[in-house]
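Before any comments, here is the structure.
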Amino acid sequence: MDNAYRVQTNATESGGADGLERLMALKDGDAFLVTDDWGDLRGGADGLFVDDTRVLSRLVLTAGNARPSLLSSGVSQDNVCFTCHSTNRPLPPMGGRSAPAGVLHIERRRFVRDRRMYERVRMVNHGVEDVLLPLAFDFAVDFADIFEVRGTRRMQGGQAEAPVHDGRRVTFGYTGLDGVGRSSCLSFSEPPARLSGSRAEFMFSLPKGRRFDLYIECGPDRCEQPDEARYRRNAIQARLAMRARRRRGASVRGPRSPRFNDWLDQSRADVALLTTDLKTGPYPYAGVPWFSTPFGRDGLITAWQMLWLDPSLARGVLTYLAMRQATEVSAFQDAAPGKIMHETRGGEMSALGEVPFGLYYGGVDTTCLFVALAGAYARRTGDFDLIRQLWPSLVAAVGWMKDYGDILGDGLIRYQRGADTGLSNQGWKDSEDSIFHTDGRFPKGPIALLEVQGYAYAAWQAMAALATPMGDDRQGTWAAEAERVRALVEDRFWMEDEGFYAIALDGDGVPCRSIGSNAGHLLFTGLPSVERARRVTNRLLGAEFRSGWGIRTLATGQARFNPMSYHNGSVWPHDTAMAAAGMARYGERRAVALLLGEIYAAAAHFRLRLPELFCGFERNSGEPPIAYPVACLPQAWAAGSVFLMLQSALGIDIDALAGTVEISDPILPAGIDRLNVNNLQVGDGRVDLTFQQMGNHTVVIPRRREGRVTVRTVS
C-alpha cells in the first residue's frame, strides 16, 4: 500500500487490548463508514465516505448531556449491521424528577446501503417510573477528500455553503476547486425540539416498560423522511446482497471445528464486504478505511487467493484492469503503454491533480501479476472466451514488460518513479525505507525487485501456455523469455554464502543483500531450483523470520529491522500465505500447516478478523500478538490468506480443460480432523470433497459429483 499517506488516528476512550476495537467499519459499493465503539464519529479517520469524499464527519450522541455508558458493540458476522448497546448515566432533573443510571437501554443499529447510512436508535425504559430523556446529536460535514483525512495538507479548499435546516432535515453543500458541487443531507424521523446546522436536540417521554425508535439517514443526496418501513426495506436488501456475495463459488467447512469455521466465515464475509459489483464484474477493494477503492496489486492477489473457490473475482478483476490499461506515457501518473493500473480514486484532490492517484500506475508488479493471473484463470476455468477478449491487453502488457519495464535492457523489470509526487518504492513493500543495502543505505535506481522477476517469469510462462489456444505463433519466444528471466535471477540474485536471494538489485546491478520475505513470493512463482527452494524454505521457517504468529517481512538482525514498522519486520498475513503456497509448490505441506496454525492463532486474538498487518514481536506464551495501530481492518488480501493457505495445505490443483482435480499429499491444520469442500466447479462439472484425518495421513473422499470431473490423488 502507499504508506506515504498513512496517518495515526486519534485515540479514543474505547481503547482495547488488541488496539483495533475502535475501528467499526461498514461498506457498500463506493461508500463506507468508520466509527468508534459507541457508533460516534469523532474525528481522525471517522466518517461516512462516498466516492472518496467525507459526507459526514461528526455525529455524536449524548443522553442528558453525557455520553452513554457502553455495554457492548460490534459488527454482525455478515458485516452488514453495526450495533451498540449502552445505558444512561444519571439524568438531570426534569420537572422535579430525575432518572438514575442504568434504567434506559439505548441501542444504535445501523447499516450502509446504496451510498446512504441508515440508523435506528431504540430507547427502552426498564425503570420503575416514567422518564424524560433529553437526547442530542452533534454533527458536522467537512467534505474532506480522503487524502486530507489521511494527512495530506492542502493550500486551499473549495467553498462550503451554510447548512440549511427545515424541521427534520439539515442539508450541506460544497463546491470544490474542481467545479463539482457536492451535497450531504442528514435527516430524522422525528422533528427535533431544537435544530441548527450542527446540533439536533430531542426530548422523549418514555413510560416505564415502553420503547421508542428514532430513525436517522445520511447520504450525498437529498433525504426522504426516514421511517421504520424504509429502514426495514433497505436492511433486508442489504442482507440479501451480502448473502449473494458470500455464497459465490465453493465453500469450505470443518464439521466439528466451530471456532475454525467462524474464522472461515469471517474471512469469507470480509472478502464479500470489500467486493464491489462493478459493471465489469466483482472487484475486491483493498481495505477500509484508507484503501476502499480498486487497487491493481491487491485485487489481483486477492483474486488469486480465492481462484480455486470463486473464479468470478479473477474474471472481474482482469476485465476491469484491462479497461484501465495505460495507452500513453505520463511521468506524473507513472504510466506507459500496456501498463496495468496501481490505484484509482474519485475525490476532488485526485481530479485536480493535487495527488496522482486519480488513475495511477506506479506499481512495478501489477502488469506481470495481471498476465500471470490470466494464465492461472484460464487453467482453472477453461474460459478462453474471456482470454480471447483480453488477448490484446495481455499482449500489450508483455509489450510493456519488454519496452518499458526492462529499463536497462538487461532482461529485468525495474522501477524508478517518474515524478516526485509518485511512490518512491513500487513493489508491495512500498514504504520509503523498505528496500536497502545491508548497511542501511537506500539503493540508487532503477531498482529490480526480487519478487517482481518471479511474477515476470510466471507472466512469460502464462503467455507461452496461452499462445497456441489463442492462435499466436510466439509460444517459443515467450517460453524463452521465461527461461531467460529464471537464469538471470538464479545468477544475479542468489547469494551462496547466505543460502538466500537478495531483496533487489540497484541501478548499478549491485545486490541489496538484505534478507527479506520477498523470497517467499519467488517460491510462489516456482522460479527457484529445488535445492535453492529448500534452502530458502529452511531459512524462512527459522527463528529470524518466524515470529510464532507468521513470517516477518524482514529477518531479525537486518539493518533496518523494526518489528513495529510497516514493512521492515512486521507480519503481513498475505505475505505469509504466499510464502506458504510457495513452500507447498516444492512439497513442503507440513510447513504450510504449521504456518496456517500460527496465522489462525493470531486471528483468534484479533476476533477472527485478520488485520492488514501486525507487529513482528516474538510470540510469548500466554500473550497475544501486538497490533499495528493504523492497519486496515478489514483488508482483502489478509482475509483471503486463509483460503490460499488451505488450498496449499490440501494440495488442490484444478485443470478445467482436463476436467481434473489433482490432490497432492494433503495435510490438515493441527486440531482439524475433517474439512468439507462443497460445490467446487470444474469446467461444466461440480464435485464435493471431504478431507479426513486417518491416523498419520489425510485422505480425500469425493462425494456428490456432477458432470465430467475426475479426482486424482498424487503422492
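Ordered as shown in the C-alpha cells, chains take letters A, B, and onward, while each chain numbers its residues from 1 and ligands are numbered from 1 in the order shown.
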Applying 7 Å and only C-alpha atoms, which residues near A:Gln558 remain after dropping the ones on its own chain fewer than 2 positions away? List them as a ChimeraX atom specification. /A:438,514,555-556,560-561
Using DSSP on the backbone coordinates, identify all residues within stretch 339-505 of chain A classified as helix (DSSP H, G or I); present the result as a VMD selection string. chain A and resid 348 to 352 356 to 358 366 to 381 384 to 405 450 to 467 475 to 492
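Pairwise distance (atom CA of A:Met645, atom CA of A:Ala577) equals 5.6 Å.
Using only C-alpha atoms, the nearest neighbour of A:Trp549 within the list A:Gly411, A:Pro625, A:Gly47, A:Gly499 is A:Pro625.
Using only C-alpha atoms for every distance, the candidate list A:Gly173, A:Gly363, A:Gly209, A:Pro134 yields A:Pro134 as the residue closest to A:Pro192.
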Test item: residues at most 8 Å from A:Phe500, only C-alpha atoms, excluding those fewer than 6 positions along its chain, as an NGL selection string: :A and (494 or 515 or 519 or 532 or 535-536 or 539)
Write out, as a short mmCIF file (atom, residue, chain, number, x, y, z; two decimals), in the first residue's frame, the residues just selected, with all heavy atoms.
```
data_model
loop_
_atom_site.label_atom_id
_atom_site.label_comp_id
_atom_site.auth_asym_id
_atom_site.auth_seq_id
_atom_site.Cartn_x
_atom_site.Cartn_y
_atom_site.Cartn_z
N TRP A 494 21.01 -14.71 -6.43
CA TRP A 494 21.34 -15.74 -5.45
C TRP A 494 22.64 -15.40 -4.72
O TRP A 494 23.62 -15.00 -5.32
CB TRP A 494 21.48 -17.10 -6.12
CG TRP A 494 21.84 -18.19 -5.16
CD1 TRP A 494 23.04 -18.84 -5.04
CD2 TRP A 494 20.99 -18.75 -4.16
NE1 TRP A 494 22.99 -19.77 -4.03
CE2 TRP A 494 21.74 -19.75 -3.46
CE3 TRP A 494 19.66 -18.53 -3.77
CZ2 TRP A 494 21.21 -20.50 -2.42
CZ3 TRP A 494 19.12 -19.28 -2.73
CH2 TRP A 494 19.90 -20.25 -2.07
N ILE A 515 17.98 -9.47 3.86
CA ILE A 515 17.27 -10.75 3.88
C ILE A 515 15.81 -10.49 4.20
O ILE A 515 15.44 -10.18 5.34
CB ILE A 515 17.89 -11.71 4.92
CG1 ILE A 515 19.40 -11.84 4.68
CG2 ILE A 515 17.21 -13.06 4.88
CD1 ILE A 515 19.76 -12.43 3.33
N ALA A 519 11.57 -13.41 -0.90
CA ALA A 519 11.94 -14.71 -1.47
C ALA A 519 10.80 -15.71 -1.40
O ALA A 519 10.73 -16.64 -2.21
CB ALA A 519 13.17 -15.26 -0.75
N ARG A 532 17.66 -24.77 -4.13
CA ARG A 532 17.64 -23.42 -3.58
C ARG A 532 16.31 -23.15 -2.88
O ARG A 532 16.27 -22.46 -1.86
CB ARG A 532 17.92 -22.40 -4.67
CG ARG A 532 19.38 -22.43 -5.12
CD ARG A 532 19.70 -21.41 -6.19
NE ARG A 532 21.12 -21.43 -6.51
CZ ARG A 532 21.70 -20.65 -7.43
NH1 ARG A 532 20.95 -19.79 -8.14
NH2 ARG A 532 23.00 -20.72 -7.65
N ARG A 535 16.59 -24.48 0.62
CA ARG A 535 17.40 -23.64 1.50
C ARG A 535 16.64 -22.37 1.90
O ARG A 535 16.71 -21.96 3.07
CB ARG A 535 18.73 -23.30 0.82
CG ARG A 535 19.60 -24.54 0.58
CD ARG A 535 20.86 -24.20 -0.22
NE ARG A 535 21.82 -23.41 0.56
CZ ARG A 535 22.98 -22.98 0.09
NH1 ARG A 535 23.33 -23.26 -1.18
NH2 ARG A 535 23.80 -22.28 0.84
N VAL A 536 15.91 -21.79 0.96
CA VAL A 536 15.10 -20.61 1.28
C VAL A 536 14.01 -20.98 2.28
O VAL A 536 13.77 -20.26 3.26
CB VAL A 536 14.49 -20.01 0.00
CG1 VAL A 536 13.41 -18.98 0.33
CG2 VAL A 536 15.58 -19.37 -0.85
N ARG A 539 15.25 -21.34 5.79
CA ARG A 539 15.56 -20.06 6.45
C ARG A 539 14.29 -19.30 6.81
O ARG A 539 14.21 -18.69 7.88
CB ARG A 539 16.45 -19.22 5.53
CG ARG A 539 17.07 -18.05 6.27
CD ARG A 539 18.38 -17.61 5.72
NE ARG A 539 18.95 -16.56 6.55
CZ ARG A 539 20.02 -15.85 6.24
NH1 ARG A 539 20.67 -16.10 5.11
NH2 ARG A 539 20.47 -14.91 7.05
#
```
So which residues of stretch 466-624 of chain A fall under strand (DSSP E) by DSSP, listed as a PDB file with N, CA, C and O atoms, in the first residue's frame?
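After the write, states.pdb holds the following:
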```pdb
ATOM      1  N   TRP A 494      21.007 -14.709  -6.427  1.00  0.00           N
ATOM      2  CA  TRP A 494      21.338 -15.735  -5.451  1.00  0.00           C
ATOM      3  C   TRP A 494      22.636 -15.396  -4.719  1.00  0.00           C
ATOM      4  O   TRP A 494      23.620 -14.997  -5.324  1.00  0.00           O
ATOM      5  N   MET A 495      22.622 -15.566  -3.375  1.00  0.00           N
ATOM      6  CA  MET A 495      23.801 -15.322  -2.538  1.00  0.00           C
ATOM      7  C   MET A 495      24.179 -16.648  -1.886  1.00  0.00           C
ATOM      8  O   MET A 495      23.555 -17.073  -0.906  1.00  0.00           O
ATOM      9  N   PHE A 500      20.395 -17.726   0.218  1.00  0.00           N
ATOM     10  CA  PHE A 500      19.175 -16.929   0.093  1.00  0.00           C
ATOM     11  C   PHE A 500      19.319 -15.984  -1.096  1.00  0.00           C
ATOM     12  O   PHE A 500      20.406 -15.849  -1.669  1.00  0.00           O
ATOM     13  N   TYR A 501      18.206 -15.343  -1.448  1.00  0.00           N
ATOM     14  CA  TYR A 501      18.207 -14.391  -2.561  1.00  0.00           C
ATOM     15  C   TYR A 501      18.265 -12.961  -2.037  1.00  0.00           C
ATOM     16  O   TYR A 501      17.639 -12.622  -1.018  1.00  0.00           O
ATOM     17  N   ALA A 504      16.891  -7.190  -3.832  1.00  0.00           N
ATOM     18  CA  ALA A 504      16.812  -6.354  -5.042  1.00  0.00           C
ATOM     19  C   ALA A 504      18.203  -6.163  -5.619  1.00  0.00           C
ATOM     20  O   ALA A 504      19.222  -6.463  -4.978  1.00  0.00           O
ATOM     21  N   LEU A 505      18.246  -5.642  -6.840  1.00  0.00           N
ATOM     22  CA  LEU A 505      19.479  -5.120  -7.440  1.00  0.00           C
ATOM     23  C   LEU A 505      19.310  -3.625  -7.613  1.00  0.00           C
ATOM     24  O   LEU A 505      18.246  -3.152  -8.026  1.00  0.00           O
ATOM     25  N   PRO A 511      23.752  -6.143  -5.781  1.00  0.00           N
ATOM     26  CA  PRO A 511      22.667  -6.714  -4.973  1.00  0.00           C
ATOM     27  C   PRO A 511      22.453  -5.956  -3.666  1.00  0.00           C
ATOM     28  O   PRO A 511      23.414  -5.555  -3.004  1.00  0.00           O
ATOM     29  N   CYS A 512      21.194  -5.742  -3.317  1.00  0.00           N
ATOM     30  CA  CYS A 512      20.826  -5.308  -1.972  1.00  0.00           C
ATOM     31  C   CYS A 512      20.704  -6.596  -1.158  1.00  0.00           C
ATOM     32  O   CYS A 512      19.707  -7.318  -1.270  1.00  0.00           O
TER      33      CYS A 512
END
```
Got a sec: who's within 7 Å of A:Gly659, counting only C-alpha atoms, leaving out chain neighbours fewer than 6 positions off, as a PyMOL selection string? chain A and resi 682-683+708-710
Write the residues of the selection above to a file with all heavy atoms, as a PDB file, in the first residue's frame.
```pdb
ATOM      1  N   VAL A 682     -15.707 -27.393 -11.696  1.00  0.00           N
ATOM      2  CA  VAL A 682     -14.585 -27.773 -12.556  1.00  0.00           C
ATOM      3  C   VAL A 682     -15.127 -27.850 -13.976  1.00  0.00           C
ATOM      4  O   VAL A 682     -15.805 -28.814 -14.341  1.00  0.00           O
ATOM      5  CB  VAL A 682     -13.982 -29.120 -12.133  1.00  0.00           C
ATOM      6  CG1 VAL A 682     -12.774 -29.451 -13.008  1.00  0.00           C
ATOM      7  CG2 VAL A 682     -13.605 -29.117 -10.656  1.00  0.00           C
ATOM      8  N   GLY A 683     -14.855 -26.829 -14.772  1.00  0.00           N
ATOM      9  CA  GLY A 683     -15.455 -26.772 -16.105  1.00  0.00           C
ATOM     10  C   GLY A 683     -16.967 -26.719 -15.980  1.00  0.00           C
ATOM     11  O   GLY A 683     -17.521 -25.880 -15.260  1.00  0.00           O
ATOM     12  N   ARG A 708     -18.488 -34.105 -15.856  1.00  0.00           N
ATOM     13  CA  ARG A 708     -17.213 -34.791 -16.088  1.00  0.00           C
ATOM     14  C   ARG A 708     -16.136 -34.201 -15.189  1.00  0.00           C
ATOM     15  O   ARG A 708     -15.495 -33.201 -15.508  1.00  0.00           O
ATOM     16  CB  ARG A 708     -16.816 -34.648 -17.557  1.00  0.00           C
ATOM     17  CG  ARG A 708     -15.550 -35.436 -17.956  1.00  0.00           C
ATOM     18  CD  ARG A 708     -15.244 -35.237 -19.435  1.00  0.00           C
ATOM     19  NE  ARG A 708     -14.898 -33.852 -19.730  1.00  0.00           N
ATOM     20  CZ  ARG A 708     -13.657 -33.363 -19.686  1.00  0.00           C
ATOM     21  NH1 ARG A 708     -12.653 -34.143 -19.344  1.00  0.00           N
ATOM     22  NH2 ARG A 708     -13.421 -32.095 -19.992  1.00  0.00           N
ATOM     23  N   VAL A 709     -15.950 -34.817 -14.035  1.00  0.00           N
ATOM     24  CA  VAL A 709     -14.920 -34.384 -13.093  1.00  0.00           C
ATOM     25  C   VAL A 709     -14.168 -35.614 -12.602  1.00  0.00           C
ATOM     26  O   VAL A 709     -14.780 -36.564 -12.102  1.00  0.00           O
ATOM     27  CB  VAL A 709     -15.521 -33.639 -11.880  1.00  0.00           C
ATOM     28  CG1 VAL A 709     -14.396 -33.184 -10.951  1.00  0.00           C
ATOM     29  CG2 VAL A 709     -16.363 -32.452 -12.320  1.00  0.00           C
ATOM     30  N   THR A 710     -12.860 -35.602 -12.743  1.00  0.00           N
ATOM     31  CA  THR A 710     -12.011 -36.682 -12.246  1.00  0.00           C
ATOM     32  C   THR A 710     -11.197 -36.170 -11.073  1.00  0.00           C
ATOM     33  O   THR A 710     -10.536 -35.133 -11.170  1.00  0.00           O
ATOM     34  CB  THR A 710     -11.062 -37.193 -13.350  1.00  0.00           C
ATOM     35  OG1 THR A 710     -11.833 -37.659 -14.456  1.00  0.00           O
ATOM     36  CG2 THR A 710     -10.183 -38.314 -12.826  1.00  0.00           C
TER      37      THR A 710
END
```
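You will find atom CA of A:Arg58 at 9.2 Å from atom CA of A:Ser198.
Using only C-alpha atoms, the protein and nucleic acid residues lying no more than 7 Å from A:Pro356, apart from those fewer than 5 places from it along its own chain, are Phe332, Gln333, Ser350, Thr421 and Gly422 of chain A.
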Would you mind exporting all heavy atoms of the selected residues as a PDB file, in the first residue's frame?
```pdb
ATOM      1  N   PHE A 332       3.799  11.875 -14.428  1.00  0.00           N
ATOM      2  CA  PHE A 332       3.003  12.180 -13.239  1.00  0.00           C
ATOM      3  C   PHE A 332       2.217  10.960 -12.785  1.00  0.00           C
ATOM      4  O   PHE A 332       2.103  10.676 -11.589  1.00  0.00           O
ATOM      5  CB  PHE A 332       2.055  13.343 -13.542  1.00  0.00           C
ATOM      6  CG  PHE A 332       1.185  13.743 -12.378  1.00  0.00           C
ATOM      7  CD1 PHE A 332       1.744  14.329 -11.246  1.00  0.00           C
ATOM      8  CD2 PHE A 332      -0.187  13.551 -12.417  1.00  0.00           C
ATOM      9  CE1 PHE A 332       0.946  14.708 -10.175  1.00  0.00           C
ATOM     10  CE2 PHE A 332      -0.994  13.927 -11.347  1.00  0.00           C
ATOM     11  CZ  PHE A 332      -0.421  14.513 -10.227  1.00  0.00           C
ATOM     12  N   GLN A 333       1.665  10.212 -13.726  1.00  0.00           N
ATOM     13  CA  GLN A 333       0.896   9.014 -13.396  1.00  0.00           C
ATOM     14  C   GLN A 333       1.753   7.753 -13.347  1.00  0.00           C
ATOM     15  O   GLN A 333       1.247   6.681 -13.032  1.00  0.00           O
ATOM     16  CB  GLN A 333      -0.210   8.798 -14.433  1.00  0.00           C
ATOM     17  CG  GLN A 333      -1.290   9.857 -14.459  1.00  0.00           C
ATOM     18  CD  GLN A 333      -2.263   9.612 -15.598  1.00  0.00           C
ATOM     19  OE1 GLN A 333      -1.899   9.680 -16.780  1.00  0.00           O
ATOM     20  NE2 GLN A 333      -3.495   9.290 -15.237  1.00  0.00           N
ATOM     21  N   SER A 350      -7.739  14.214  -6.349  1.00  0.00           N
ATOM     22  CA  SER A 350      -7.306  13.413  -7.498  1.00  0.00           C
ATOM     23  C   SER A 350      -7.742  14.059  -8.800  1.00  0.00           C
ATOM     24  O   SER A 350      -6.984  14.095  -9.775  1.00  0.00           O
ATOM     25  CB  SER A 350      -7.877  12.002  -7.389  1.00  0.00           C
ATOM     26  OG  SER A 350      -7.369  11.337  -6.252  1.00  0.00           O
ATOM     27  N   THR A 421       5.948  13.278  -6.903  1.00  0.00           N
ATOM     28  CA  THR A 421       4.669  13.031  -6.245  1.00  0.00           C
ATOM     29  C   THR A 421       4.321  11.548  -6.192  1.00  0.00           C
ATOM     30  O   THR A 421       3.409  11.150  -5.473  1.00  0.00           O
ATOM     31  CB  THR A 421       3.540  13.772  -6.988  1.00  0.00           C
ATOM     32  OG1 THR A 421       3.614  13.428  -8.390  1.00  0.00           O
ATOM     33  CG2 THR A 421       3.682  15.277  -6.819  1.00  0.00           C
ATOM     34  N   GLY A 422       5.037  10.736  -6.963  1.00  0.00           N
ATOM     35  CA  GLY A 422       4.737   9.313  -7.018  1.00  0.00           C
ATOM     36  C   GLY A 422       5.388   8.543  -5.878  1.00  0.00           C
ATOM     37  O   GLY A 422       6.090   9.095  -5.027  1.00  0.00           O
TER      38      GLY A 422
END
```
Kindly give the distance, in Å, that separates atom CA of A:Ala631 and atom CA of A:Gln305, rounded to a single decimal. 20.3 Å
